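Here is coords.pdb, consisting of PDB, C-alpha atoms:
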```
MODEL        1
ATOM      1  CA  MET A   1     100.441 230.936 -46.378
ATOM      2  CA  LEU A   2     103.282 230.583 -43.889
ATOM      3  CA  ALA A   3     103.501 227.189 -42.215
ATOM      4  CA  LEU A   4     105.464 228.620 -39.296
ATOM      5  CA  GLU A   5     106.540 232.149 -38.372
ATOM      6  CA  PHE A   6     110.292 232.699 -38.104
ATOM      7  CA  PRO A   7     112.502 235.790 -37.867
ATOM      8  CA  GLY A   8     112.469 237.574 -41.217
ATOM      9  CA  SER A   9     109.719 235.389 -42.688
ATOM     10  CA  GLN A  10     107.632 238.345 -43.908
ATOM     11  CA  HIS A  11     110.706 239.949 -45.481
ATOM     12  CA  LEU A  12     111.548 236.649 -47.223
ATOM     13  CA  VAL A  13     108.012 236.346 -48.620
ATOM     14  CA  GLU A  14     107.932 239.964 -49.831
ATOM     15  CA  ARG A  15     111.263 239.567 -51.632
ATOM     16  CA  LEU A  16     110.237 236.259 -53.231
ATOM     17  CA  ASP A  17     106.901 237.752 -54.358
ATOM     18  CA  GLN A  18     108.782 240.559 -56.104
ATOM     19  CA  ALA A  19     111.136 238.090 -57.779
ATOM     20  CA  VAL A  20     108.403 235.846 -59.209
ATOM     21  CA  ASP A  21     106.390 238.759 -60.600
ATOM     22  CA  HIS A  22     107.708 238.279 -64.160
ATOM     23  CA  ASP A  23     106.223 236.780 -67.315
ATOM     24  CA  ARG A  24     108.963 234.417 -68.507
ATOM     25  CA  ASP A  25     110.317 231.418 -66.577
ATOM     26  CA  ALA A  26     113.924 232.441 -67.308
ATOM     27  CA  ASP A  27     113.305 235.941 -65.899
ATOM     28  CA  ILE A  28     111.658 234.492 -62.787
ATOM     29  CA  ALA A  29     114.563 232.082 -62.236
ATOM     30  CA  ASN A  30     117.170 234.829 -62.682
ATOM     31  CA  ALA A  31     115.401 237.156 -60.254
ATOM     32  CA  LEU A  32     114.867 234.367 -57.719
ATOM     33  CA  ARG A  33     118.535 233.256 -57.844
ATOM     34  CA  THR A  34     119.724 236.777 -57.091
ATOM     35  CA  THR A  35     117.092 237.301 -54.393
ATOM     36  CA  LEU A  36     117.744 233.941 -52.743
ATOM     37  CA  CYS A  37     121.499 234.590 -52.563
ATOM     38  CA  GLU A  38     120.781 237.933 -50.877
ATOM     39  CA  LEU A  39     118.283 236.389 -48.441
ATOM     40  CA  ILE A  40     120.699 233.623 -47.427
ATOM     41  CA  ARG A  41     123.245 236.305 -46.500
ATOM     42  CA  ASP A  42     120.677 238.512 -44.723
ATOM     43  CA  PRO A  43     121.213 238.145 -40.945
ATOM     44  CA  SER A  44     117.625 239.234 -40.251
ATOM     45  CA  VAL A  45     116.254 236.045 -41.901
ATOM     46  CA  LYS A  46     116.631 233.010 -39.635
ATOM     47  CA  LEU A  47     115.010 229.779 -40.764
ATOM     48  CA  PRO A  48     113.027 227.824 -38.152
ATOM     49  CA  ARG A  49     115.092 225.639 -35.842
ATOM     50  CA  CYS A  50     113.354 222.472 -37.084
ATOM     51  CA  VAL A  51     114.974 222.749 -40.526
ATOM     52  CA  PHE A  52     118.335 222.184 -38.839
ATOM     53  CA  GLU A  53     117.157 218.828 -37.459
ATOM     54  CA  GLU A  54     117.908 215.848 -39.686
ATOM     55  CA  VAL A  55     115.738 212.809 -40.239
ATOM     56  CA  LYS A  56     117.898 209.687 -40.047
ATOM     57  CA  ASP A  57     116.444 207.613 -42.883
ATOM     58  CA  HIS A  58     115.793 210.291 -45.541
ATOM     59  CA  TYR A  59     116.400 213.911 -46.404
ATOM     60  CA  ALA A  60     113.654 216.065 -44.900
ATOM     61  CA  ARG A  61     111.224 218.224 -46.901
ATOM     62  CA  ARG A  62     109.428 220.939 -44.934
ATOM     63  CA  GLU A  63     107.102 223.413 -46.600
ATOM     64  CA  LEU A  64     107.703 226.896 -45.186
ATOM     65  CA  TYR A  65     105.379 228.871 -47.442
ATOM     66  CA  ARG A  66     102.887 228.569 -50.283
ATOM     67  CA  SER A  67     101.891 231.716 -52.175
ATOM     68  CA  GLU A  68      98.177 232.055 -52.715
ATOM     69  CA  GLU A  69      98.759 234.946 -55.143
ATOM     70  CA  PHE A  70     101.592 233.548 -57.294
ATOM     71  CA  GLY A  71     101.243 229.797 -56.645
ATOM     72  CA  TYR A  72     104.890 229.077 -55.795
ATOM     73  CA  ALA A  73     105.996 226.915 -52.862
ATOM     74  CA  VAL A  74     109.047 227.267 -50.599
ATOM     75  CA  ILE A  75     110.491 224.014 -49.266
ATOM     76  CA  ALA A  76     113.375 223.753 -46.797
ATOM     77  CA  MET A  77     115.325 220.528 -47.220
ATOM     78  CA  THR A  78     117.575 219.061 -44.575
ATOM     79  CA  TRP A  79     120.296 216.713 -45.787
ATOM     80  CA  GLY A  80     121.906 214.481 -43.167
ATOM     81  CA  PRO A  81     125.489 213.304 -43.672
ATOM     82  CA  GLY A  82     125.724 211.382 -46.945
ATOM     83  CA  GLN A  83     122.025 211.752 -47.789
ATOM     84  CA  GLY A  84     121.083 212.444 -51.391
ATOM     85  CA  THR A  85     118.827 211.695 -54.332
ATOM     86  CA  LEU A  86     118.798 209.485 -57.366
ATOM     87  CA  VAL A  87     118.614 211.186 -60.762
ATOM     88  CA  HIS A  88     115.220 212.908 -60.760
ATOM     89  CA  ASP A  89     113.186 215.618 -62.445
ATOM     90  CA  HIS A  90     110.895 218.339 -61.115
ATOM     91  CA  ALA A  91     107.736 217.208 -62.892
ATOM     92  CA  GLY A  92     108.078 219.949 -65.501
ATOM     93  CA  MET A  93     108.300 222.807 -62.967
ATOM     94  CA  TRP A  94     110.990 225.444 -62.707
ATOM     95  CA  CYS A  95     112.875 225.497 -59.431
ATOM     96  CA  VAL A  96     115.480 227.694 -57.786
ATOM     97  CA  GLU A  97     117.606 226.041 -55.106
ATOM     98  CA  GLY A  98     119.912 227.794 -52.642
ATOM     99  CA  VAL A  99     122.320 226.434 -50.037
ATOM    100  CA  TRP A 100     121.528 227.918 -46.623
ATOM    101  CA  HIS A 101     123.926 225.845 -44.518
ATOM    102  CA  GLY A 102     126.622 223.257 -45.241
ATOM    103  CA  SER A 103     127.588 222.135 -48.715
ATOM    104  CA  LEU A 104     126.207 219.913 -51.462
ATOM    105  CA  GLU A 105     127.275 218.074 -54.570
ATOM    106  CA  ILE A 106     124.928 218.737 -57.471
ATOM    107  CA  THR A 107     125.205 216.856 -60.747
ATOM    108  CA  PRO A 108     123.033 217.946 -63.692
ATOM    109  CA  TYR A 109     122.183 215.336 -66.328
ATOM    110  CA  GLU A 110     121.058 215.603 -69.920
ATOM    111  CA  LEU A 111     118.510 213.129 -71.290
ATOM    112  CA  VAL A 112     120.158 212.054 -74.537
ATOM    113  CA  GLU A 113     118.089 209.047 -75.580
ATOM    114  CA  GLN A 114     114.936 207.132 -74.736
ATOM    115  CA  ALA A 115     114.214 203.580 -75.860
ATOM    116  CA  GLY A 116     110.825 202.401 -74.619
ATOM    117  CA  GLU A 117     110.976 202.536 -70.834
ATOM    118  CA  ARG A 118     114.748 203.005 -70.764
ATOM    119  CA  TYR A 119     116.346 206.442 -70.487
ATOM    120  CA  ARG A 120     119.961 207.313 -71.214
ATOM    121  CA  PHE A 121     121.478 210.233 -69.334
ATOM    122  CA  GLU A 122     124.873 211.882 -69.564
ATOM    123  CA  SER A 123     126.362 213.737 -66.615
ATOM    124  CA  ARG A 124     127.162 217.389 -67.212
ATOM    125  CA  GLY A 125     129.741 217.567 -64.411
ATOM    126  CA  THR A 126     129.455 217.792 -60.642
ATOM    127  CA  MET A 127     129.400 221.088 -58.775
ATOM    128  CA  ASN A 128     130.289 221.501 -55.128
ATOM    129  CA  VAL A 129     128.316 224.398 -53.706
ATOM    130  CA  GLY A 130     128.276 226.073 -50.320
ATOM    131  CA  PRO A 131     126.282 228.622 -48.318
ATOM    132  CA  GLY A 132     125.003 231.570 -50.312
ATOM    133  CA  SER A 133     125.045 229.839 -53.685
ATOM    134  CA  ALA A 134     121.913 229.286 -55.761
ATOM    135  CA  GLY A 135     121.056 227.661 -59.056
ATOM    136  CA  SER A 136     117.970 227.068 -61.149
ATOM    137  CA  LEU A 137     116.392 224.316 -63.176
ATOM    138  CA  ILE A 138     114.080 225.139 -66.059
ATOM    139  CA  PRO A 139     112.515 222.263 -68.018
ATOM    140  CA  PRO A 140     113.574 220.486 -70.116
ATOM    141  CA  HIS A 141     116.905 220.938 -68.273
ATOM    142  CA  GLU A 142     115.706 219.618 -64.928
ATOM    143  CA  TYR A 143     117.422 216.246 -64.406
ATOM    144  CA  HIS A 144     119.923 216.134 -61.555
ATOM    145  CA  THR A 145     121.153 214.560 -58.333
ATOM    146  CA  ILE A 146     121.829 216.267 -55.009
ATOM    147  CA  ARG A 147     123.998 214.838 -52.235
ATOM    148  CA  ASN A 148     125.449 216.022 -48.954
ATOM    149  CA  PRO A 149     129.093 214.910 -49.245
ATOM    150  CA  SER A 150     129.855 215.458 -45.558
ATOM    151  CA  ALA A 151     130.384 212.450 -43.306
ATOM    152  CA  ASP A 152     129.502 214.343 -40.133
ATOM    153  CA  SER A 153     127.474 217.517 -40.724
ATOM    154  CA  LEU A 154     124.113 218.376 -42.214
ATOM    155  CA  ALA A 155     123.203 220.724 -45.039
ATOM    156  CA  VAL A 156     120.101 222.887 -45.423
ATOM    157  CA  THR A 157     118.742 224.136 -48.736
ATOM    158  CA  LEU A 158     115.806 226.316 -49.689
ATOM    159  CA  HIS A 159     113.870 225.372 -52.844
ATOM    160  CA  ILE A 160     111.344 227.618 -54.559
ATOM    161  CA  TYR A 161     109.108 225.635 -56.946
ATOM    162  CA  ARG A 162     106.631 227.021 -59.475
ATOM    163  CA  GLY A 163     103.931 225.191 -57.518
ATOM    164  CA  PRO A 164     103.554 222.501 -54.882
ATOM    165  CA  MET A 165     105.834 219.629 -55.895
ATOM    166  CA  THR A 166     103.932 216.512 -54.883
ATOM    167  CA  GLN A 167     105.510 214.012 -57.285
ATOM    168  CA  CYS A 168     108.433 213.558 -59.608
ATOM    169  CA  SER A 169     110.141 210.961 -61.771
ATOM    170  CA  VAL A 170     113.060 209.114 -60.219
ATOM    171  CA  PHE A 171     115.507 207.266 -62.446
ATOM    172  CA  ARG A 172     117.175 204.068 -61.223
ATOM    173  CA  PRO A 173     120.455 202.890 -62.751
ATOM    174  CA  LEU A 174     120.266 199.848 -65.041
ATOM    175  CA  ASP A 175     123.540 199.548 -66.925
ATOM    176  CA  GLY A 176     126.044 202.139 -68.094
ATOM    177  CA  GLU A 177     124.202 205.391 -68.744
ATOM    178  CA  TRP A 178     120.763 203.690 -68.912
ATOM    179  CA  TYR A 179     118.039 204.126 -66.290
ATOM    180  CA  SER A 180     114.485 203.016 -65.604
ATOM    181  CA  ARG A 181     111.852 205.519 -64.481
ATOM    182  CA  ASP A 182     109.633 205.324 -61.401
ATOM    183  CA  ARG A 183     107.011 207.817 -60.293
ATOM    184  CA  ARG A 184     107.540 208.994 -56.724
ATOM    185  CA  VAL A 185     104.913 210.674 -54.587
ATOM    186  CA  LEU A 186     106.649 213.239 -52.395
ATOM    187  CA  SER A 187     105.663 213.854 -48.799
ATOM    188  CA  LEU A 188     106.421 216.633 -46.365
ATOM    189  CA  ASP A 189     108.019 216.227 -42.955
ATOM    190  CA  ALA A 190     106.433 217.814 -39.897
ATOM    191  CA  MET A 191     107.209 221.369 -38.856
ATOM    192  CA  HIS A 192     107.597 221.889 -35.120
TER     193      HIS A 192
ENDMDL
END
```

Step by step, read the file and then write its structure as structure tokens.
Amino acid sequence: MLALEFPGSQHLVERLDQAVDHDRDADIANALRTTLCELIRDPSVKLPRCVFEEVKDHYARRELYRSEEFGYAVIAMTWGPGQGTLVHDHAGMWCVEGVWHGSLEITPYELVEQAGERYRFESRGTMNVGPGSAGSLIPPHEYHTIRNPSADSLAVTLHIYRGPMTQCSVFRPLDGEWYSRDRRVLSLDAMH
């Protein structure tokens, strides 16, 4: 169900439905990455104006669509200057993320050791990505950070999750490469 009509919204939904109609997670992610890159470049698809409005104290999460047939959810995220995440996971769900506007720094991490409630991660390098680029996360390779490196402009990304993402694990730095884990309940920002 669409949360808000916007130019090209039906076309976006039709294309995403086609992309997720596969059996294997890897095939879904590959099809969605290609489709999302094409949709970002399609001038007939214009995201709602509200997704270009930042929230000062956190990055914004706005659900644009939830598929009743396939179960996936489409979230637009708005990243104000310097806003970002801690190392986090996607609660075991695949996700495809595309940059609609601005640029981001994305750093994937590999979980290399766990000792009780302590987790050791190693960075797998930072990528700087701009409009039209898309990537995917398929568990167990789902740990990462996202940050808007700009000091004065916002970034907008579109995230397609296997289902509604209502919680995740967030990892807080302890010492060196070691982190503690917290559960975070995720909320949505208002669409207007």

Taking only residues of stretch 158-180 of chain A that have an atom at most 12 Å from an atom of stretch 137-140 of chain A, what is each one's shortest atom pair and its distance in Å to one decimal, using all atoms listed in the file, in chain and number order, as CSV?
```
residue,atom,partner,partner_atom,distance
A:His159,CA,A:Leu137,CA,10.7
A:Ile160,CA,A:Leu137,CA,10.5
A:Tyr161,CA,A:Leu137,CA,9.7
A:Arg162,CA,A:Ile138,CA,10.1
```

As JSON, what would the box around stretch 80-88 of chain A look like: edges along x, y and z, 4 Å added on every side, centre and edge lengths in Å to one decimal?
```
{"center_x": 120.5, "center_y": 212.0, "center_z": -52.0, "size_x": 18.5, "size_y": 13.0, "size_z": 25.6}
```

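One distance worth recording is that between atom CA of A:Asn128 and atom CA of A:Ala155, which is 12.4 Å.
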
> Where does the PyMOL selection byres ((chain A and resi 170-176) around 12) land in this file, that is, which residues does it pick, as a PyMOL selection string?
Replying inline: chain A and resi 85-91+109+111+117-123+142-145+167-169+177-186

>> So that I can see what lies close to A:Arg61, please list as JSON, numbers by chain the residues with an atom at most 12 Å from it, counting all atoms listed in the file and leaving out residues fewer than 6 positions away in the same chain.
In response: {"A": [50, 51, 52, 53, 54, 55, 73, 74, 75, 76, 77, 78, 79, 80, 156, 157, 158, 159, 164, 165, 166, 186, 187, 188, 189, 190, 191]}

> Which polymer residues, protein or nucleic acid, are no farther than 12 Å from (116.3, 230.7, -43.3), counting only C-alpha atoms, as a PyMOL selection string?
Replying inline: chain A and resi 4-13+36-52+64-65+74-78+98-101+131-132+156-159

>> I'd like the interatomic distance between atom CA of A:Leu32 and atom CA of A:Trp94, to a tenth of an Å.
In response: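 Atom CA of A:Trp94 lies 10.9 Å from atom CA of A:Leu32.
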
> Which residue gives the smallest distance to A:Pro81 among A:Leu104, A:Val112, A:Ala134, A:Met1, with all atoms listed in the file counted?
Replying inline: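 Counting all atoms listed in the file, the residue closest to A:Pro81 is A:Leu104.
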
Keeping C-alpha atoms (and nothing else), can you write stretch 16-156 of chain A of this structure as a PDB file, in the first residue's frame?
```pdb
ATOM      1  CA  LEU A  16       9.956  -3.324  -7.815  1.00  0.00           C
ATOM      2  CA  ASP A  17       7.283  -6.059  -7.881  1.00  0.00           C
ATOM      3  CA  GLN A  18       8.903  -7.524 -10.993  1.00  0.00           C
ATOM      4  CA  ALA A  19      12.349  -7.401  -9.394  1.00  0.00           C
ATOM      5  CA  VAL A  20      11.360  -9.209  -6.185  1.00  0.00           C
ATOM      6  CA  ASP A  21       9.525 -11.991  -8.019  1.00  0.00           C
ATOM      7  CA  HIS A  22      12.443 -14.447  -7.705  1.00  0.00           C
ATOM      8  CA  ASP A  23      13.107 -17.442  -5.471  1.00  0.00           C
ATOM      9  CA  ARG A  24      16.617 -16.763  -4.156  1.00  0.00           C
ATOM     10  CA  ASP A  25      17.670 -13.759  -2.056  1.00  0.00           C
ATOM     11  CA  ALA A  26      20.749 -13.175  -4.239  1.00  0.00           C
ATOM     12  CA  ASP A  27      18.595 -13.080  -7.396  1.00  0.00           C
ATOM     13  CA  ILE A  28      16.149 -10.664  -5.760  1.00  0.00           C
ATOM     14  CA  ALA A  29      18.988  -8.380  -4.632  1.00  0.00           C
ATOM     15  CA  ASN A  30      20.618  -8.393  -8.080  1.00  0.00           C
ATOM     16  CA  ALA A  31      17.345  -7.581  -9.832  1.00  0.00           C
ATOM     17  CA  LEU A  32      16.474  -4.875  -7.301  1.00  0.00           C
ATOM     18  CA  ARG A  33      19.910  -3.197  -7.588  1.00  0.00           C
ATOM     19  CA  THR A  34      19.573  -2.939 -11.356  1.00  0.00           C
ATOM     20  CA  THR A  35      15.951  -1.789 -11.151  1.00  0.00           C
ATOM     21  CA  LEU A  36      16.649   0.774  -8.434  1.00  0.00           C
ATOM     22  CA  CYS A  37      19.525   2.310 -10.414  1.00  0.00           C
ATOM     23  CA  GLU A  38      17.201   2.647 -13.417  1.00  0.00           C
ATOM     24  CA  LEU A  39      14.389   4.145 -11.318  1.00  0.00           C
ATOM     25  CA  ILE A  40      16.698   6.724  -9.728  1.00  0.00           C
ATOM     26  CA  ARG A  41      17.646   7.905 -13.227  1.00  0.00           C
ATOM     27  CA  ASP A  42      14.046   7.849 -14.516  1.00  0.00           C
ATOM     28  CA  PRO A  43      12.813  11.472 -14.738  1.00  0.00           C
ATOM     29  CA  SER A  44       9.180  10.330 -14.515  1.00  0.00           C
ATOM     30  CA  VAL A  45       9.697   9.127 -10.901  1.00  0.00           C
ATOM     31  CA  LYS A  46       9.784  12.034  -8.445  1.00  0.00           C
ATOM     32  CA  LEU A  47       9.857  11.196  -4.754  1.00  0.00           C
ATOM     33  CA  PRO A  48       7.507  13.163  -2.477  1.00  0.00           C
ATOM     34  CA  ARG A  49       8.749  16.588  -1.425  1.00  0.00           C
ATOM     35  CA  CYS A  50       8.760  15.586   2.261  1.00  0.00           C
ATOM     36  CA  VAL A  51      11.664  13.166   1.753  1.00  0.00           C
ATOM     37  CA  PHE A  52      13.837  16.167   0.894  1.00  0.00           C
ATOM     38  CA  GLU A  53      13.130  17.740   4.298  1.00  0.00           C
ATOM     39  CA  GLU A  54      15.636  16.851   7.004  1.00  0.00           C
ATOM     40  CA  VAL A  55      14.925  16.244  10.662  1.00  0.00           C
ATOM     41  CA  LYS A  56      17.507  18.088  12.754  1.00  0.00           C
ATOM     42  CA  ASP A  57      18.206  15.530  15.480  1.00  0.00           C
ATOM     43  CA  HIS A  58      18.174  12.258  13.493  1.00  0.00           C
ATOM     44  CA  TYR A  59      18.086  10.836  10.002  1.00  0.00           C
ATOM     45  CA  ALA A  60      14.480  10.481   8.854  1.00  0.00           C
ATOM     46  CA  ARG A  61      12.793   7.185   7.927  1.00  0.00           C
ATOM     47  CA  ARG A  62       9.609   7.484   5.870  1.00  0.00           C
ATOM     48  CA  GLU A  63       7.764   4.443   4.582  1.00  0.00           C
ATOM     49  CA  LEU A  64       6.633   5.049   0.997  1.00  0.00           C
ATOM     50  CA  TYR A  65       5.206   1.619   0.229  1.00  0.00           C
ATOM     51  CA  ARG A  66       4.547  -1.818   1.689  1.00  0.00           C
ATOM     52  CA  SER A  67       3.735  -4.679  -0.683  1.00  0.00           C
ATOM     53  CA  GLU A  68       0.789  -6.764   0.401  1.00  0.00           C
ATOM     54  CA  GLU A  69       1.621  -9.382  -2.253  1.00  0.00           C
ATOM     55  CA  PHE A  70       5.394  -9.750  -1.774  1.00  0.00           C
ATOM     56  CA  GLY A  71       5.837  -8.376   1.767  1.00  0.00           C
ATOM     57  CA  TYR A  72       8.686  -5.951   1.030  1.00  0.00           C
ATOM     58  CA  ALA A  73       8.824  -2.381   2.347  1.00  0.00           C
ATOM     59  CA  VAL A  74      10.211   0.766   0.695  1.00  0.00           C
ATOM     60  CA  ILE A  75      11.692   3.348   3.057  1.00  0.00           C
ATOM     61  CA  ALA A  76      13.011   6.762   2.013  1.00  0.00           C
ATOM     62  CA  MET A  77      15.736   8.008   4.337  1.00  0.00           C
ATOM     63  CA  THR A  78      16.776  11.620   4.624  1.00  0.00           C
ATOM     64  CA  TRP A  79      20.277  12.269   5.932  1.00  0.00           C
ATOM     65  CA  GLY A  80      21.004  15.790   7.163  1.00  0.00           C
ATOM     66  CA  PRO A  81      24.567  17.117   7.004  1.00  0.00           C
ATOM     67  CA  GLY A  82      26.844  14.832   9.020  1.00  0.00           C
ATOM     68  CA  GLN A  83      24.045  12.480  10.100  1.00  0.00           C
ATOM     69  CA  GLY A  84      24.767   8.762  10.151  1.00  0.00           C
ATOM     70  CA  THR A  85      24.476   5.448  11.950  1.00  0.00           C
ATOM     71  CA  LEU A  86      26.497   3.338  14.305  1.00  0.00           C
ATOM     72  CA  VAL A  87      27.476  -0.142  13.125  1.00  0.00           C
ATOM     73  CA  HIS A  88      24.158  -1.970  12.759  1.00  0.00           C
ATOM     74  CA  ASP A  89      22.501  -4.968  11.148  1.00  0.00           C
ATOM     75  CA  HIS A  90      19.201  -5.431   9.327  1.00  0.00           C
ATOM     76  CA  ALA A  91      17.711  -8.000  11.693  1.00  0.00           C
ATOM     77  CA  GLY A  92      18.469 -10.837   9.282  1.00  0.00           C
ATOM     78  CA  MET A  93      16.665  -9.248   6.305  1.00  0.00           C
ATOM     79  CA  TRP A  94      18.062  -8.582   2.861  1.00  0.00           C
ATOM     80  CA  CYS A  95      18.077  -4.951   1.809  1.00  0.00           C
ATOM     81  CA  VAL A  96      18.870  -2.995  -1.331  1.00  0.00           C
ATOM     82  CA  GLU A  97      19.841   0.643  -0.830  1.00  0.00           C
ATOM     83  CA  GLY A  98      20.120   3.306  -3.531  1.00  0.00           C
ATOM     84  CA  VAL A  99      21.281   6.921  -3.397  1.00  0.00           C
ATOM     85  CA  TRP A 100      18.594   9.211  -4.818  1.00  0.00           C
ATOM     86  CA  HIS A 101      20.181  12.564  -3.971  1.00  0.00           C
ATOM     87  CA  GLY A 102      23.496  13.693  -2.478  1.00  0.00           C
ATOM     88  CA  SER A 103      26.257  11.330  -1.450  1.00  0.00           C
ATOM     89  CA  LEU A 104      27.014   8.917   1.378  1.00  0.00           C
ATOM     90  CA  GLU A 105      29.886   7.099   2.999  1.00  0.00           C
ATOM     91  CA  ILE A 106      29.110   3.426   3.517  1.00  0.00           C
ATOM     92  CA  THR A 107      31.410   1.145   5.480  1.00  0.00           C
ATOM     93  CA  PRO A 108      30.682  -2.603   5.543  1.00  0.00           C
ATOM     94  CA  TYR A 109      31.940  -4.601   8.528  1.00  0.00           C
ATOM     95  CA  GLU A 110      32.621  -8.278   9.039  1.00  0.00           C
ATOM     96  CA  LEU A 111      31.823  -9.899  12.388  1.00  0.00           C
ATOM     97  CA  VAL A 112      35.033 -11.794  13.104  1.00  0.00           C
ATOM     98  CA  GLU A 113      34.630 -12.798  16.743  1.00  0.00           C
ATOM     99  CA  GLN A 114      32.123 -12.871  19.578  1.00  0.00           C
ATOM    100  CA  ALA A 115      33.036 -13.254  23.242  1.00  0.00           C
ATOM    101  CA  GLY A 116      29.941 -13.261  25.441  1.00  0.00           C
ATOM    102  CA  GLU A 117      28.243  -9.918  24.892  1.00  0.00           C
ATOM    103  CA  ARG A 118      31.235  -8.426  23.084  1.00  0.00           C
ATOM    104  CA  TYR A 119      31.488  -8.394  19.293  1.00  0.00           C
ATOM    105  CA  ARG A 120      34.614  -7.767  17.246  1.00  0.00           C
ATOM    106  CA  PHE A 121      34.185  -6.235  13.806  1.00  0.00           C
ATOM    107  CA  GLU A 122      36.677  -5.458  11.070  1.00  0.00           C
ATOM    108  CA  SER A 123      36.015  -2.732   8.524  1.00  0.00           C
ATOM    109  CA  ARG A 124      35.954  -3.849   4.907  1.00  0.00           C
ATOM    110  CA  GLY A 125      36.739  -0.381   3.535  1.00  0.00           C
ATOM    111  CA  THR A 126      34.657   2.747   3.062  1.00  0.00           C
ATOM    112  CA  MET A 127      32.815   3.526  -0.155  1.00  0.00           C
ATOM    113  CA  ASN A 128      31.721   6.982  -1.216  1.00  0.00           C
ATOM    114  CA  VAL A 129      28.596   6.685  -3.325  1.00  0.00           C
ATOM    115  CA  GLY A 130      26.498   9.211  -5.193  1.00  0.00           C
ATOM    116  CA  PRO A 131      23.177   9.501  -7.028  1.00  0.00           C
ATOM    117  CA  GLY A 132      22.231   6.484  -9.103  1.00  0.00           C
ATOM    118  CA  SER A 133      24.340   3.985  -7.185  1.00  0.00           C
ATOM    119  CA  ALA A 134      22.853   1.018  -5.335  1.00  0.00           C
ATOM    120  CA  GLY A 135      24.144  -1.809  -3.197  1.00  0.00           C
ATOM    121  CA  SER A 136      22.715  -4.760  -1.326  1.00  0.00           C
ATOM    122  CA  LEU A 137      23.115  -6.488   1.995  1.00  0.00           C
ATOM    123  CA  ILE A 138      22.315 -10.172   2.351  1.00  0.00           C
ATOM    124  CA  PRO A 139      22.728 -11.804   5.775  1.00  0.00           C
ATOM    125  CA  PRO A 140      25.099 -12.757   7.243  1.00  0.00           C
ATOM    126  CA  HIS A 141      26.890  -9.889   5.437  1.00  0.00           C
ATOM    127  CA  GLU A 142      24.672  -7.118   6.769  1.00  0.00           C
ATOM    128  CA  TYR A 143      26.797  -5.104   9.222  1.00  0.00           C
ATOM    129  CA  HIS A 144      27.573  -1.550   8.142  1.00  0.00           C
ATOM    130  CA  THR A 145      27.517   2.175   8.841  1.00  0.00           C
ATOM    131  CA  ILE A 146      26.039   4.933   6.690  1.00  0.00           C
ATOM    132  CA  ARG A 147      26.939   8.616   6.957  1.00  0.00           C
ATOM    133  CA  ASN A 148      26.275  11.787   5.015  1.00  0.00           C
ATOM    134  CA  PRO A 149      29.770  13.310   4.754  1.00  0.00           C
ATOM    135  CA  SER A 150      28.513  16.714   3.610  1.00  0.00           C
ATOM    136  CA  ALA A 151      28.726  19.665   5.987  1.00  0.00           C
ATOM    137  CA  ASP A 152      25.965  21.603   4.243  1.00  0.00           C
ATOM    138  CA  SER A 153      23.667  19.450   2.093  1.00  0.00           C
ATOM    139  CA  LEU A 154      21.321  16.547   2.659  1.00  0.00           C
ATOM    140  CA  ALA A 155      21.243  13.105   1.089  1.00  0.00           C
ATOM    141  CA  VAL A 156      18.229  10.947   0.245  1.00  0.00           C
TER     142      VAL A 156
END
```
